[in-house]
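**Student:** File my_file04.cif below, mmCIF, C-alpha atoms:
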data_work
#
loop_
_atom_site.group_PDB
_atom_site.id
_atom_site.type_symbol
_atom_site.label_atom_id
_atom_site.label_comp_id
_atom_site.auth_asym_id
_atom_site.auth_seq_id
_atom_site.Cartn_x
_atom_site.Cartn_y
_atom_site.Cartn_z
ATOM 1 C CA MET A 1 -20.138 -0.747 -8.802
ATOM 2 C CA SER A 2 -17.338 -2.843 -10.254
ATOM 3 C CA LYS A 3 -18.375 -5.887 -12.283
ATOM 4 C CA ASN A 4 -15.214 -7.681 -11.124
ATOM 5 C CA PRO A 5 -16.078 -10.266 -8.425
ATOM 6 C CA GLY A 6 -12.563 -10.072 -6.991
ATOM 7 C CA GLN A 7 -12.794 -6.313 -6.604
ATOM 8 C CA ARG A 8 -16.217 -6.588 -4.960
ATOM 9 C CA ARG A 9 -14.815 -9.093 -2.458
ATOM 10 C CA GLU A 10 -11.889 -6.778 -1.819
ATOM 11 C CA LEU A 11 -14.325 -3.931 -1.133
ATOM 12 C CA GLY A 12 -16.199 -6.083 1.367
ATOM 13 C CA THR A 13 -12.973 -7.084 3.116
ATOM 14 C CA PHE A 14 -11.875 -3.462 3.344
ATOM 15 C CA LEU A 15 -15.218 -2.296 4.771
ATOM 16 C CA ARG A 16 -15.273 -5.101 7.319
ATOM 17 C CA SER A 17 -11.694 -4.385 8.440
ATOM 18 C CA ARG A 18 -12.504 -0.714 8.993
ATOM 19 C CA ARG A 19 -15.853 -1.432 10.694
ATOM 20 C CA GLU A 20 -14.093 -3.641 13.224
ATOM 21 C CA ARG A 21 -11.720 -0.822 14.138
ATOM 22 C CA VAL A 22 -14.336 1.770 15.075
ATOM 23 C CA THR A 23 -15.501 1.473 18.686
ATOM 24 C CA PRO A 24 -19.067 2.292 19.755
ATOM 25 C CA GLU A 25 -17.722 5.051 21.991
ATOM 26 C CA GLN A 26 -16.079 6.779 19.022
ATOM 27 C CA VAL A 27 -19.448 7.243 17.327
ATOM 28 C CA GLY A 28 -21.449 8.017 20.461
ATOM 29 C CA LEU A 29 -22.950 4.554 21.037
ATOM 30 C CA PRO A 30 -22.975 2.829 24.437
ATOM 31 C CA ARG A 31 -20.882 -0.290 24.825
ATOM 32 C CA SER A 32 -22.767 -3.377 25.914
ATOM 33 C CA ALA A 33 -21.141 -5.813 28.324
ATOM 34 C CA ARG A 34 -22.416 -8.659 26.134
ATOM 35 C CA ARG A 35 -20.864 -7.284 22.938
ATOM 36 C CA ARG A 36 -18.823 -9.931 21.131
ATOM 37 C CA THR A 37 -18.283 -8.205 17.786
ATOM 38 C CA PRO A 38 -15.052 -6.170 17.562
ATOM 39 C CA GLY A 39 -15.881 -2.599 16.617
ATOM 40 C CA LEU A 40 -19.285 -1.763 15.189
ATOM 41 C CA ARG A 41 -21.989 -4.209 14.200
ATOM 42 C CA ARG A 42 -23.171 -4.085 10.594
ATOM 43 C CA GLU A 43 -26.560 -2.820 11.738
ATOM 44 C CA GLU A 44 -24.962 -0.006 13.730
ATOM 45 C CA LEU A 45 -22.796 1.140 10.826
ATOM 46 C CA ALA A 46 -25.784 1.069 8.466
ATOM 47 C CA LEU A 47 -27.847 3.107 10.899
ATOM 48 C CA LEU A 48 -25.154 5.732 11.327
ATOM 49 C CA ALA A 49 -24.606 5.927 7.558
ATOM 50 C CA GLY A 50 -28.311 6.253 6.861
ATOM 51 C CA ILE A 51 -28.626 3.125 4.723
ATOM 52 C CA SER A 52 -30.431 -0.203 4.921
ATOM 53 C CA ALA A 53 -28.732 -2.828 7.083
ATOM 54 C CA THR A 54 -29.628 -5.501 4.528
ATOM 55 C CA TRP A 55 -28.195 -3.420 1.683
ATOM 56 C CA TYR A 56 -24.978 -2.783 3.599
ATOM 57 C CA THR A 57 -24.670 -6.490 4.386
ATOM 58 C CA TYR A 58 -24.913 -7.240 0.662
ATOM 59 C CA LEU A 59 -22.204 -4.656 0.011
ATOM 60 C CA GLU A 60 -19.875 -6.216 2.576
ATOM 61 C CA GLN A 61 -20.613 -9.679 1.167
ATOM 62 C CA GLY A 62 -19.408 -8.570 -2.261
ATOM 63 C CA ARG A 63 -22.741 -8.782 -4.041
ATOM 64 C CA GLU A 64 -23.175 -6.895 -7.297
ATOM 65 C CA ILE A 65 -24.962 -3.759 -6.119
ATOM 66 C CA HIS A 66 -24.464 -0.090 -6.890
ATOM 67 C CA ALA A 67 -23.004 2.282 -4.287
ATOM 68 C CA SER A 68 -23.456 5.970 -5.009
ATOM 69 C CA ASP A 69 -20.887 8.633 -4.206
ATOM 70 C CA GLN A 70 -23.175 9.895 -1.447
ATOM 71 C CA VAL A 71 -23.402 6.475 0.219
ATOM 72 C CA LEU A 72 -19.649 5.917 -0.045
ATOM 73 C CA ALA A 73 -18.983 9.365 1.427
ATOM 74 C CA SER A 74 -21.316 8.592 4.316
ATOM 75 C CA LEU A 75 -19.626 5.261 5.009
ATOM 76 C CA ALA A 76 -16.206 6.904 4.831
ATOM 77 C CA SER A 77 -17.310 9.500 7.378
ATOM 78 C CA VAL A 78 -18.692 6.983 9.886
ATOM 79 C CA LEU A 79 -15.651 4.728 9.467
ATOM 80 C CA ARG A 80 -13.346 7.721 10.024
ATOM 81 C CA LEU A 81 -11.338 7.025 6.888
ATOM 82 C CA ASN A 82 -8.440 9.312 6.129
ATOM 83 C CA ARG A 83 -8.019 10.862 2.690
ATOM 84 C CA HIS A 84 -6.047 7.933 1.260
ATOM 85 C CA GLU A 85 -8.372 5.289 2.703
ATOM 86 C CA ARG A 86 -11.360 7.216 1.352
ATOM 87 C CA GLY A 87 -9.822 7.257 -2.117
ATOM 88 C CA HIS A 88 -9.152 3.525 -1.848
ATOM 89 C CA LEU A 89 -12.797 2.909 -0.892
ATOM 90 C CA PHE A 90 -14.074 4.849 -3.897
ATOM 91 C CA GLN A 91 -11.657 3.056 -6.196
ATOM 92 C CA LEU A 92 -12.685 -0.398 -5.005
ATOM 93 C CA ALA A 93 -16.318 0.611 -5.523
ATOM 94 C CA GLY A 94 -15.555 1.488 -9.129
ATOM 95 C CA ARG A 95 -16.034 5.214 -8.624
ATOM 96 C CA THR A 96 -12.750 6.318 -10.230
ATOM 97 C CA PRO A 97 -11.983 8.748 -13.054
ATOM 98 C CA ALA A 98 -11.939 7.134 -16.482
ATOM 99 C CA ALA A 99 -8.174 7.467 -16.908
ATOM 100 C CA GLU A 100 -7.439 5.849 -13.552
ATOM 101 C CA ALA A 101 -9.923 3.069 -14.202
ATOM 102 C CA ALA A 102 -8.341 2.324 -17.571
ATOM 103 C CA ALA A 103 -4.895 2.133 -15.988
ATOM 104 C CA ALA A 104 -6.211 -0.183 -13.272
ATOM 105 C CA GLU A 105 -7.871 -2.472 -15.809
ATOM 106 C CA ALA A 106 -4.631 -2.693 -17.802
ATOM 107 C CA GLY A 107 -2.920 -4.494 -14.924
ATOM 108 C CA GLY A 108 0.809 -4.009 -15.205
ATOM 109 C CA SER A 109 2.861 -1.367 -16.968
ATOM 110 C CA GLU A 110 4.586 -0.770 -20.263
ATOM 111 C CA PRO A 111 8.348 -1.437 -20.542
ATOM 112 C CA LEU A 112 10.518 1.564 -19.793
ATOM 113 C CA ALA A 113 11.613 3.609 -22.776
ATOM 114 C CA ALA A 114 15.394 3.806 -23.054
ATOM 115 C CA GLU A 115 15.455 7.534 -22.305
ATOM 116 C CA VAL A 116 13.389 6.962 -19.151
ATOM 117 C CA ALA A 117 15.502 4.021 -17.987
ATOM 118 C CA ALA A 118 18.557 6.272 -18.233
ATOM 119 C CA VAL A 119 17.206 8.860 -15.775
ATOM 120 C CA PRO A 120 18.611 7.211 -12.600
ATOM 121 C CA LEU A 121 22.055 7.148 -14.216
ATOM 122 C CA LEU A 122 21.774 10.874 -14.917
ATOM 123 C CA LEU A 123 21.098 11.428 -11.212
ATOM 124 C CA GLN A 124 24.297 9.690 -10.027
ATOM 125 C CA PRO A 125 25.781 10.135 -7.391
ATOM 126 C CA HIS A 126 22.345 10.533 -5.794
ATOM 127 C CA PRO A 127 20.761 7.085 -5.262
ATOM 128 C CA ALA A 128 17.805 6.727 -7.638
ATOM 129 C CA TYR A 129 15.671 3.938 -9.050
ATOM 130 C CA ILE A 130 12.400 3.295 -10.876
ATOM 131 C CA ILE A 131 9.895 0.724 -9.584
ATOM 132 C CA ASP A 132 6.579 -0.505 -10.960
ATOM 133 C CA GLY A 133 3.268 -1.420 -9.342
ATOM 134 C CA VAL A 134 4.569 -4.647 -7.800
ATOM 135 C CA TYR A 135 7.856 -3.057 -6.676
ATOM 136 C CA ASP A 136 9.946 -4.663 -9.391
ATOM 137 C CA LEU A 137 13.104 -2.633 -9.899
ATOM 138 C CA LEU A 138 13.003 -1.419 -13.508
ATOM 139 C CA SER A 139 16.094 0.791 -13.495
ATOM 140 C CA HIS A 140 18.628 2.016 -10.951
ATOM 141 C CA ASN A 141 22.025 3.656 -10.638
ATOM 142 C CA PRO A 142 25.197 2.435 -8.880
ATOM 143 C CA ALA A 143 24.525 4.641 -5.853
ATOM 144 C CA ALA A 144 21.198 2.876 -5.269
ATOM 145 C CA GLU A 145 22.842 -0.525 -5.627
ATOM 146 C CA GLU A 146 25.388 0.489 -2.986
ATOM 147 C CA LEU A 147 22.716 1.911 -0.669
ATOM 148 C CA PHE A 148 20.601 -1.277 -0.790
ATOM 149 C CA PRO A 149 23.099 -4.167 -0.899
ATOM 150 C CA SER A 150 21.961 -7.454 -2.460
ATOM 151 C CA LEU A 151 18.827 -5.840 -3.881
ATOM 152 C CA THR A 152 19.973 -6.598 -7.426
ATOM 153 C CA ALA A 153 21.327 -10.079 -6.636
ATOM 154 C CA GLU A 154 18.501 -11.979 -8.351
ATOM 155 C CA ALA A 155 19.470 -13.028 -11.855
ATOM 156 C CA ASP A 156 16.461 -15.129 -12.917
ATOM 157 C CA ARG A 157 13.801 -12.440 -12.389
ATOM 158 C CA PRO A 158 13.608 -8.666 -11.858
ATOM 159 C CA PRO A 159 14.869 -7.500 -8.465
ATOM 160 C CA ASN A 160 11.959 -6.616 -6.223
ATOM 161 C CA PHE A 161 12.032 -4.068 -3.410
ATOM 162 C CA ALA A 162 9.243 -5.726 -1.396
ATOM 163 C CA ARG A 163 10.991 -9.121 -1.487
ATOM 164 C CA TRP A 164 14.213 -7.446 -0.409
ATOM 165 C CA VAL A 165 12.620 -5.680 2.560
ATOM 166 C CA PHE A 166 10.804 -8.741 3.907
ATOM 167 C CA LEU A 167 12.934 -11.673 2.786
ATOM 168 C CA ALA A 168 16.548 -10.448 2.608
ATOM 169 C CA PRO A 169 18.241 -10.578 6.052
ATOM 170 C CA VAL A 170 20.478 -7.633 5.159
ATOM 171 C CA ALA A 171 17.415 -5.370 4.880
ATOM 172 C CA ARG A 172 16.956 -5.421 8.653
ATOM 173 C CA GLU A 173 20.529 -4.232 9.053
ATOM 174 C CA VAL A 174 20.268 -1.486 6.445
ATOM 175 C CA LEU A 175 16.851 -0.133 7.420
ATOM 176 C CA VAL A 176 17.382 1.248 10.917
ATOM 177 C CA ASP A 177 13.616 1.629 11.458
ATOM 178 C CA TRP A 178 12.810 -1.654 9.737
ATOM 179 C CA GLU A 179 9.364 -2.289 11.202
ATOM 180 C CA ARG A 180 8.047 1.175 10.379
ATOM 181 C CA GLU A 181 9.451 1.015 6.845
ATOM 182 C CA ALA A 182 8.163 -2.519 6.290
ATOM 183 C CA ARG A 183 4.669 -1.685 7.523
ATOM 184 C CA GLY A 184 4.525 1.347 5.248
ATOM 185 C CA LEU A 185 5.691 -0.627 2.230
ATOM 186 C CA LEU A 186 3.103 -3.351 2.874
ATOM 187 C CA ALA A 187 0.350 -0.713 3.143
ATOM 188 C CA ARG A 188 1.405 0.765 -0.190
ATOM 189 C CA LEU A 189 1.507 -2.687 -1.768
ATOM 190 C CA ARG A 190 -1.998 -3.335 -0.425
ATOM 191 C CA THR A 191 -3.199 -0.123 -2.082
ATOM 192 C CA LEU A 192 -1.662 -1.105 -5.410
ATOM 193 C CA SER A 193 -2.912 -4.698 -5.299
ATOM 194 C CA GLY A 194 -6.420 -3.439 -4.596
ATOM 195 C CA ARG A 195 -6.423 -1.760 -7.996
ATOM 196 C CA HIS A 196 -5.714 -5.070 -9.747
ATOM 197 C CA PRO A 197 -7.752 -7.837 -8.073
ATOM 198 C CA GLY A 198 -6.919 -11.104 -9.750
ATOM 199 C CA ASP A 199 -3.680 -9.798 -11.286
ATOM 200 C CA PRO A 200 -1.300 -12.797 -11.219
ATOM 201 C CA ARG A 201 1.776 -10.611 -10.667
ATOM 202 C CA HIS A 202 0.344 -9.143 -7.472
ATOM 203 C CA ALA A 203 -0.995 -12.529 -6.367
ATOM 204 C CA ARG A 204 2.393 -14.239 -6.837
ATOM 205 C CA LEU A 205 4.262 -11.549 -4.919
ATOM 206 C CA ILE A 206 1.774 -11.496 -2.053
ATOM 207 C CA ASP A 207 1.807 -15.292 -1.807
ATOM 208 C CA GLU A 208 5.600 -15.306 -1.749
ATOM 209 C CA LEU A 209 5.733 -12.658 0.975
ATOM 210 C CA HIS A 210 3.181 -14.547 3.062
ATOM 211 C CA ALA A 211 5.157 -17.761 2.713
ATOM 212 C CA GLY A 212 8.442 -16.172 3.712
ATOM 213 C CA SER A 213 7.540 -13.531 6.301
ATOM 214 C CA ALA A 214 5.735 -13.923 9.628
ATOM 215 C CA GLN A 215 5.304 -10.145 9.731
ATOM 216 C CA VAL A 216 3.437 -10.122 6.421
ATOM 217 C CA ARG A 217 1.144 -12.889 7.682
ATOM 218 C CA ALA A 218 0.444 -10.851 10.824
ATOM 219 C CA TRP A 219 0.074 -7.419 9.204
ATOM 220 C CA TRP A 220 -1.732 -8.172 5.923
ATOM 221 C CA PRO A 221 -5.138 -8.847 7.598
ATOM 222 C CA ARG A 222 -5.007 -5.349 9.163
ATOM 223 C CA TYR A 223 -5.645 -3.941 5.676
ATOM 224 C CA ASP A 224 -3.534 -0.810 6.102
ATOM 225 C CA VAL A 225 -3.403 1.315 2.930
ATOM 226 C CA GLU A 226 -1.400 4.398 2.002
ATOM 227 C CA PRO A 227 -0.070 6.036 -1.179
ATOM 228 C CA ARG A 228 3.465 6.193 -2.482
ATOM 229 C CA ARG A 229 5.068 9.406 -1.304
ATOM 230 C CA GLY A 230 8.311 10.990 -0.217
ATOM 231 C CA GLY A 231 9.730 11.074 3.286
ATOM 232 C CA ARG A 232 12.818 10.291 5.303
ATOM 233 C CA LYS A 233 14.711 7.100 6.108
ATOM 234 C CA ARG A 234 17.596 6.202 8.355
ATOM 235 C CA LEU A 235 19.919 3.779 6.586
ATOM 236 C CA ARG A 236 23.001 1.993 7.910
ATOM 237 C CA ARG A 237 25.823 2.183 5.341
ATOM 238 C CA ALA A 238 29.100 0.286 5.420
ATOM 239 C CA GLY A 239 31.861 2.691 6.436
ATOM 240 C CA HIS A 240 29.442 5.556 7.080
ATOM 241 C CA GLY A 241 27.305 4.418 10.012
ATOM 242 C CA VAL A 242 23.681 5.545 10.240
ATOM 243 C CA THR A 243 22.782 8.209 7.692
ATOM 244 C CA SER A 244 19.503 10.099 7.336
ATOM 245 C CA PHE A 245 18.155 10.393 3.807
ATOM 246 C CA ALA A 246 15.320 12.446 2.405
ATOM 247 C CA TYR A 247 13.626 10.885 -0.601
ATOM 248 C CA ALA A 248 11.102 12.043 -3.163
ATOM 249 C CA ALA A 249 8.812 9.927 -5.364
ATOM 250 C CA PHE A 250 7.621 10.978 -8.818
ATOM 251 C CA HIS A 251 5.052 9.136 -10.948
ATOM 252 C CA LEU A 252 6.006 8.847 -14.613
ATOM 253 C CA ALA A 253 3.783 10.587 -17.144
ATOM 254 C CA GLY A 254 1.395 8.096 -18.725
ATOM 255 C CA GLN A 255 2.478 5.337 -16.305
ATOM 256 C CA PRO A 256 1.063 6.229 -12.863
ATOM 257 C CA GLU A 257 2.310 3.012 -11.254
ATOM 258 C CA GLN A 258 5.897 3.502 -12.404
ATOM 259 C CA THR A 259 7.656 5.620 -9.830
ATOM 260 C CA LEU A 260 11.031 7.369 -9.830
ATOM 261 C CA VAL A 261 12.517 7.561 -6.323
ATOM 262 C CA ILE A 262 15.478 9.836 -5.546
ATOM 263 C CA TYR A 263 17.465 9.902 -2.291
ATOM 264 C CA SER A 264 19.485 12.749 -0.821
ATOM 265 C CA ASP A 265 21.929 12.525 2.091
ATOM 266 C CA GLU A 266 20.548 15.172 4.479
ATOM 267 C CA ARG A 267 23.878 15.724 6.200
ATOM 268 C CA GLN A 268 25.693 16.205 2.928
ATOM 269 C CA ALA A 269 22.980 18.520 1.648
ATOM 270 C CA ALA A 270 23.292 20.652 4.803
ATOM 271 C CA GLU A 271 27.061 20.903 4.428
ATOM 272 C CA GLU A 272 26.749 21.915 0.781
ATOM 273 C CA GLY A 273 24.048 24.422 1.650
#
Since I need it in another form, could you write the structure as structure tokens?
**Tutor:**
Amino acid sequence: MSKNPGQRRELGTFLRSRRERVTPEQVGLPRSARRRTPGLRREELALLAGISATWYTYLEQGREIHASDQVLASLASVLRLNRHERGHLFQLAGRTPAAEAAAAEAGGSEPLAAEVAAVPLLLQPHPAYIIDGVYDLLSHNPAAEELFPSLTAEADRPPNFARWVFLAPVAREVLVDWEREARGLLARLRTLSGRHPGDPRHARLIDELHAGSAQVRAWWPRYDVEPRRGGRKRLRRAGHGVTSFAYAAFHLAGQPEQTLVIYSDERQAAEEG
């Protein structure tokens, strides 16, 4: 179990959020008309997971107790966690490989080497950028700057993709499916912040997003988590209308929280193919 009080509290918050989502019917329990607790009661979850109700209560309260892989796997099964949520649970409980744990303890990332910072420029005209664990934009090419207008407007601090999505009005024009994209980004930020409880960079960004966005205030308590990955986006571009892009995300060697993201215009790719 992690010795970090903040991480233990985060584990308890995550468990509670997932417990409240599982209905009695989903796990074969009858629903009582007098039930007031959303989802499962602590005692019910403990029973289904084969552990002591008192011990589970301590775990959810963030006390310093040890959770074995077997217990965590049992909780993950009862709570119906998907693969990414299961990994997040194990990580919060301190059951991570040594290399990942060391990276999490480091909190933050090393500055980009010049040859790495140049990679997005080498990928021009395909939009490309590199972001870190708090979505600061570390490097980008002109095509990315054109695709996400005003993203690089901040002069007194690094541009930040999360701030742009939630706080820049133009983001809602550019991102055709803004709510879906924003929810996904917040879930990925939640995953990353969970690895660094108490990290001031994460805390400052999250506080700023809460202060400036009603959606963040509404969605953050849901505790959605997901990894960084590739996918597709519909973006509205000046002079081009709505364009569908495929994008791929690559973690940099030795810096797992620094991510290179590359976009490809699907229509253009089809015409060239």
**Student:** Here's a test: counting only C-alpha atoms, identify every protein, DNA and RNA residue with an atom at most 7 Å from (-16.8, 1.1, -3.2) in the file's coordinate frame, and state them as an mmCIF file with C-alpha atoms, keeping the file's coordinate frame.
**Tutor:**
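Listed below is the output, selection-v8.cif:
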data_model
loop_
_atom_site.group_PDB
_atom_site.id
_atom_site.type_symbol
_atom_site.label_atom_id
_atom_site.label_comp_id
_atom_site.auth_asym_id
_atom_site.auth_seq_id
_atom_site.Cartn_x
_atom_site.Cartn_y
_atom_site.Cartn_z
ATOM 1 C CA MET A 1 -20.138 -0.747 -8.802
ATOM 2 C CA LEU A 11 -14.325 -3.931 -1.133
ATOM 3 C CA ALA A 67 -23.004 2.282 -4.287
ATOM 4 C CA LEU A 72 -19.649 5.917 -0.045
ATOM 5 C CA LEU A 89 -12.797 2.909 -0.892
ATOM 6 C CA PHE A 90 -14.074 4.849 -3.897
ATOM 7 C CA GLN A 91 -11.657 3.056 -6.196
ATOM 8 C CA LEU A 92 -12.685 -0.398 -5.005
ATOM 9 C CA ALA A 93 -16.318 0.611 -5.523
ATOM 10 C CA GLY A 94 -15.555 1.488 -9.129
ATOM 11 C CA ARG A 95 -16.034 5.214 -8.624
#
**Student:** Residues near range 134-145 of chain A, anyone? I mean within 7 Å using only C-alpha atoms, not counting same-chain ones fewer than 3 positions away, as a list in words.
**Tutor:**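 Returned residues: Ala117, Pro120, Leu121, Gln124, Pro125, His126, Pro127, Ala128, Tyr129, Ile130, Ile131, Phe148, Pro149, Leu151, Thr152, Pro158, Pro159, Asn160, Phe161, Ala162 and His202 of chain A.
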**Student:** From (-12.6, 2.3, 10.5), in the file's coordinates, out to 10 Å: which residues are reached, counting only C-alpha atoms? Answer as a PyMOL selection string.
**Tutor:** chain A and resi 14-23+39-40+75-82+85
**Student:** I'd like to know which of A:Thr259, A:Ile206, A:Arg217, A:Leu48 is closest to Val27 in chain A, using all atoms listed in the file.
**Tutor:**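 Selected residue with least distance to Val27 in chain A: A:Leu48.
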**Student:** Find, counting all atoms listed in the file, the residue in A:Thr243, A:Gln26, A:Ser193, A:Ser74 that gets nearest to Gly50 in chain A.
**Tutor:** A:Ser74
**Student:** Mind giving me the straight-line distance from CA of Trp178 in chain A to CA of Val225 in chain A in Å, one decimal?
**Tutor:**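 Value for the CA of Trp178 in chain A-CA of Val225 in chain A distance: 17.8 Å.
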**Student:** Between CA of Gly194 in chain A and CA of Glu10 in chain A, measure the distance and give it in Å to one decimal.
**Tutor:**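 Pair CA of Gly194 in chain A / CA of Glu10 in chain A returns 7.0 Å.
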**Student:** Between A:Ile262, A:Leu122, A:Ala246, A:Ile65, which residue has the minimum interatomic distance to Asn4 in chain A, considering all atoms listed in the file?
**Tutor:**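 Once distances to Asn4 in chain A are computed over all atoms listed in the file, the minimum belongs to A:Ile65.
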**Student:** Please evaluate the PyMOL selection byres ((chain A and resi 177) around 12) against the displayed coordinates and give the resulting residues as a ChimeraX atom specification.
**Tutor:** /A:165,171-176,178-184,232-236,242-244
**Student:** Go ahead and fit an axis-aligned box to every listed atom of range 73-79 of chain A plus 5 Å each side, and pass me the centre and edge lengths in Å, one decimal, as JSON.
**Tutor:**
{"center_x": -18.5, "center_y": 7.1, "center_z": 5.7, "size_x": 15.7, "size_y": 14.8, "size_z": 18.5}
**Student:** List, as number ranges by chain, every residue that the PyMOL selection byres ((chain A and resi 257) around 6) selects in the file provided.
**Tutor:** A: 132-133, 255-256, 258
**Student:** Report, in Å with one decimal, the straight-line distance from CA of Arg35 in chain A to CA of Arg63 in chain A.
**Tutor:** 27.1 Å
**Student:** So which residues touch Ser213 in chain A within 12 Å, counting only C-alpha atoms, skipping near sequence neighbours fewer than 2 positions away, as a short mmCIF file (atom, residue, chain, number, x, y, z; two decimals) with C-alpha atoms, keeping the file's coordinate frame?
**Tutor:**
data_model
loop_
_atom_site.label_atom_id
_atom_site.label_comp_id
_atom_site.auth_asym_id
_atom_site.auth_seq_id
_atom_site.Cartn_x
_atom_site.Cartn_y
_atom_site.Cartn_z
CA ALA A 162 9.24 -5.73 -1.40
CA ARG A 163 10.99 -9.12 -1.49
CA TRP A 164 14.21 -7.45 -0.41
CA VAL A 165 12.62 -5.68 2.56
CA PHE A 166 10.80 -8.74 3.91
CA LEU A 167 12.93 -11.67 2.79
CA ALA A 168 16.55 -10.45 2.61
CA PRO A 169 18.24 -10.58 6.05
CA ALA A 182 8.16 -2.52 6.29
CA LEU A 186 3.10 -3.35 2.87
CA LEU A 205 4.26 -11.55 -4.92
CA ILE A 206 1.77 -11.50 -2.05
CA ASP A 207 1.81 -15.29 -1.81
CA GLU A 208 5.60 -15.31 -1.75
CA LEU A 209 5.73 -12.66 0.98
CA HIS A 210 3.18 -14.55 3.06
CA ALA A 211 5.16 -17.76 2.71
CA GLN A 215 5.30 -10.14 9.73
CA VAL A 216 3.44 -10.12 6.42
CA ARG A 217 1.14 -12.89 7.68
CA ALA A 218 0.44 -10.85 10.82
CA TRP A 219 0.07 -7.42 9.20
CA TRP A 220 -1.73 -8.17 5.92
#
**Student:** Nearest to Gly239 in chain A among A:Asp199, A:Glu146, A:Asp156, A:Arg31, with distances taken over all atoms listed in the file: which residue is it?
**Tutor:** A:Glu146
**Student:** Please write the residues picked by the PyMOL selection byres ((chain A and resi 250) around 9) on this file as a list in words.
**Tutor:** Arg228, Arg229, Gly230, Ala248, Ala249, His251, Leu252, Gln258, Thr259, Leu260, Val261 and Ile262 of chain A
**Student:** Write the residues of the preceding selection, restricted to C-alpha atoms, as a JSON list (two decimals), in the frame of the given file.
**Tutor:**
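Output file part_2.json follows:
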[["chain", "number", "residue", "atom", "x", "y", "z"],
["A", 228, "ARG", "CA", 3.46, 6.19, -2.48],
["A", 229, "ARG", "CA", 5.07, 9.41, -1.30],
["A", 230, "GLY", "CA", 8.31, 10.99, -0.22],
["A", 248, "ALA", "CA", 11.10, 12.04, -3.16],
["A", 249, "ALA", "CA", 8.81, 9.93, -5.36],
["A", 251, "HIS", "CA", 5.05, 9.14, -10.95],
["A", 252, "LEU", "CA", 6.01, 8.85, -14.61],
["A", 258, "GLN", "CA", 5.90, 3.50, -12.40],
["A", 259, "THR", "CA", 7.66, 5.62, -9.83],
["A", 260, "LEU", "CA", 11.03, 7.37, -9.83],
["A", 261, "VAL", "CA", 12.52, 7.56, -6.32],
["A", 262, "ILE", "CA", 15.48, 9.84, -5.55]]
**Student:** Please return range 166-176 of chain A, rebuilt to N, CA, C and O atoms, as a PDB file, keeping the file's coordinate frame.
**Tutor:**
ATOM      1  N   PHE A 166      11.357  -7.717   3.021  1.00  0.00           N
ATOM      2  CA  PHE A 166      10.804  -8.741   3.907  1.00  0.00           C
ATOM      3  C   PHE A 166      11.596 -10.039   3.943  1.00  0.00           C
ATOM      4  O   PHE A 166      11.554 -10.758   4.949  1.00  0.00           O
ATOM      5  N   LEU A 167      12.314 -10.354   2.869  1.00  0.00           N
ATOM      6  CA  LEU A 167      12.934 -11.673   2.786  1.00  0.00           C
ATOM      7  C   LEU A 167      14.460 -11.655   2.816  1.00  0.00           C
ATOM      8  O   LEU A 167      15.064 -12.706   3.033  1.00  0.00           O
ATOM      9  N   ALA A 168      15.088 -10.521   2.583  1.00  0.00           N
ATOM     10  CA  ALA A 168      16.548 -10.448   2.608  1.00  0.00           C
ATOM     11  C   ALA A 168      17.018 -10.070   4.013  1.00  0.00           C
ATOM     12  O   ALA A 168      16.673  -8.987   4.498  1.00  0.00           O
ATOM     13  N   PRO A 169      17.801 -10.906   4.693  1.00  0.00           N
ATOM     14  CA  PRO A 169      18.241 -10.578   6.052  1.00  0.00           C
ATOM     15  C   PRO A 169      18.974  -9.245   6.151  1.00  0.00           C
ATOM     16  O   PRO A 169      18.849  -8.542   7.157  1.00  0.00           O
ATOM     17  N   VAL A 170      19.710  -8.871   5.102  1.00  0.00           N
ATOM     18  CA  VAL A 170      20.478  -7.633   5.159  1.00  0.00           C
ATOM     19  C   VAL A 170      19.577  -6.415   5.263  1.00  0.00           C
ATOM     20  O   VAL A 170      19.996  -5.360   5.766  1.00  0.00           O
ATOM     21  N   ALA A 171      18.320  -6.518   4.835  1.00  0.00           N
ATOM     22  CA  ALA A 171      17.415  -5.370   4.880  1.00  0.00           C
ATOM     23  C   ALA A 171      17.203  -4.888   6.311  1.00  0.00           C
ATOM     24  O   ALA A 171      17.087  -3.681   6.562  1.00  0.00           O
ATOM     25  N   ARG A 172      17.174  -5.804   7.254  1.00  0.00           N
ATOM     26  CA  ARG A 172      16.956  -5.421   8.653  1.00  0.00           C
ATOM     27  C   ARG A 172      18.176  -4.722   9.246  1.00  0.00           C
ATOM     28  O   ARG A 172      18.055  -4.015  10.251  1.00  0.00           O
ATOM     29  N   GLU A 173      19.326  -4.951   8.636  1.00  0.00           N
ATOM     30  CA  GLU A 173      20.529  -4.232   9.053  1.00  0.00           C
ATOM     31  C   GLU A 173      20.569  -2.846   8.429  1.00  0.00           C
ATOM     32  O   GLU A 173      20.937  -1.861   9.079  1.00  0.00           O
ATOM     33  N   VAL A 174      20.185  -2.765   7.170  1.00  0.00           N
ATOM     34  CA  VAL A 174      20.268  -1.486   6.445  1.00  0.00           C
ATOM     35  C   VAL A 174      19.193  -0.517   6.903  1.00  0.00           C
ATOM     36  O   VAL A 174      19.462   0.662   7.142  1.00  0.00           O
ATOM     37  N   LEU A 175      17.965  -0.993   7.023  1.00  0.00           N
ATOM     38  CA  LEU A 175      16.851  -0.133   7.420  1.00  0.00           C
ATOM     39  C   LEU A 175      16.819  -0.033   8.944  1.00  0.00           C
ATOM     40  O   LEU A 175      16.385  -0.949   9.629  1.00  0.00           O
ATOM     41  N   VAL A 176      17.282   1.084   9.464  1.00  0.00           N
ATOM     42  CA  VAL A 176      17.382   1.248  10.917  1.00  0.00           C
ATOM     43  C   VAL A 176      15.999   1.104  11.559  1.00  0.00           C
ATOM     44  O   VAL A 176      15.847   0.462  12.594  1.00  0.00           O
TER      45      VAL A 176
END
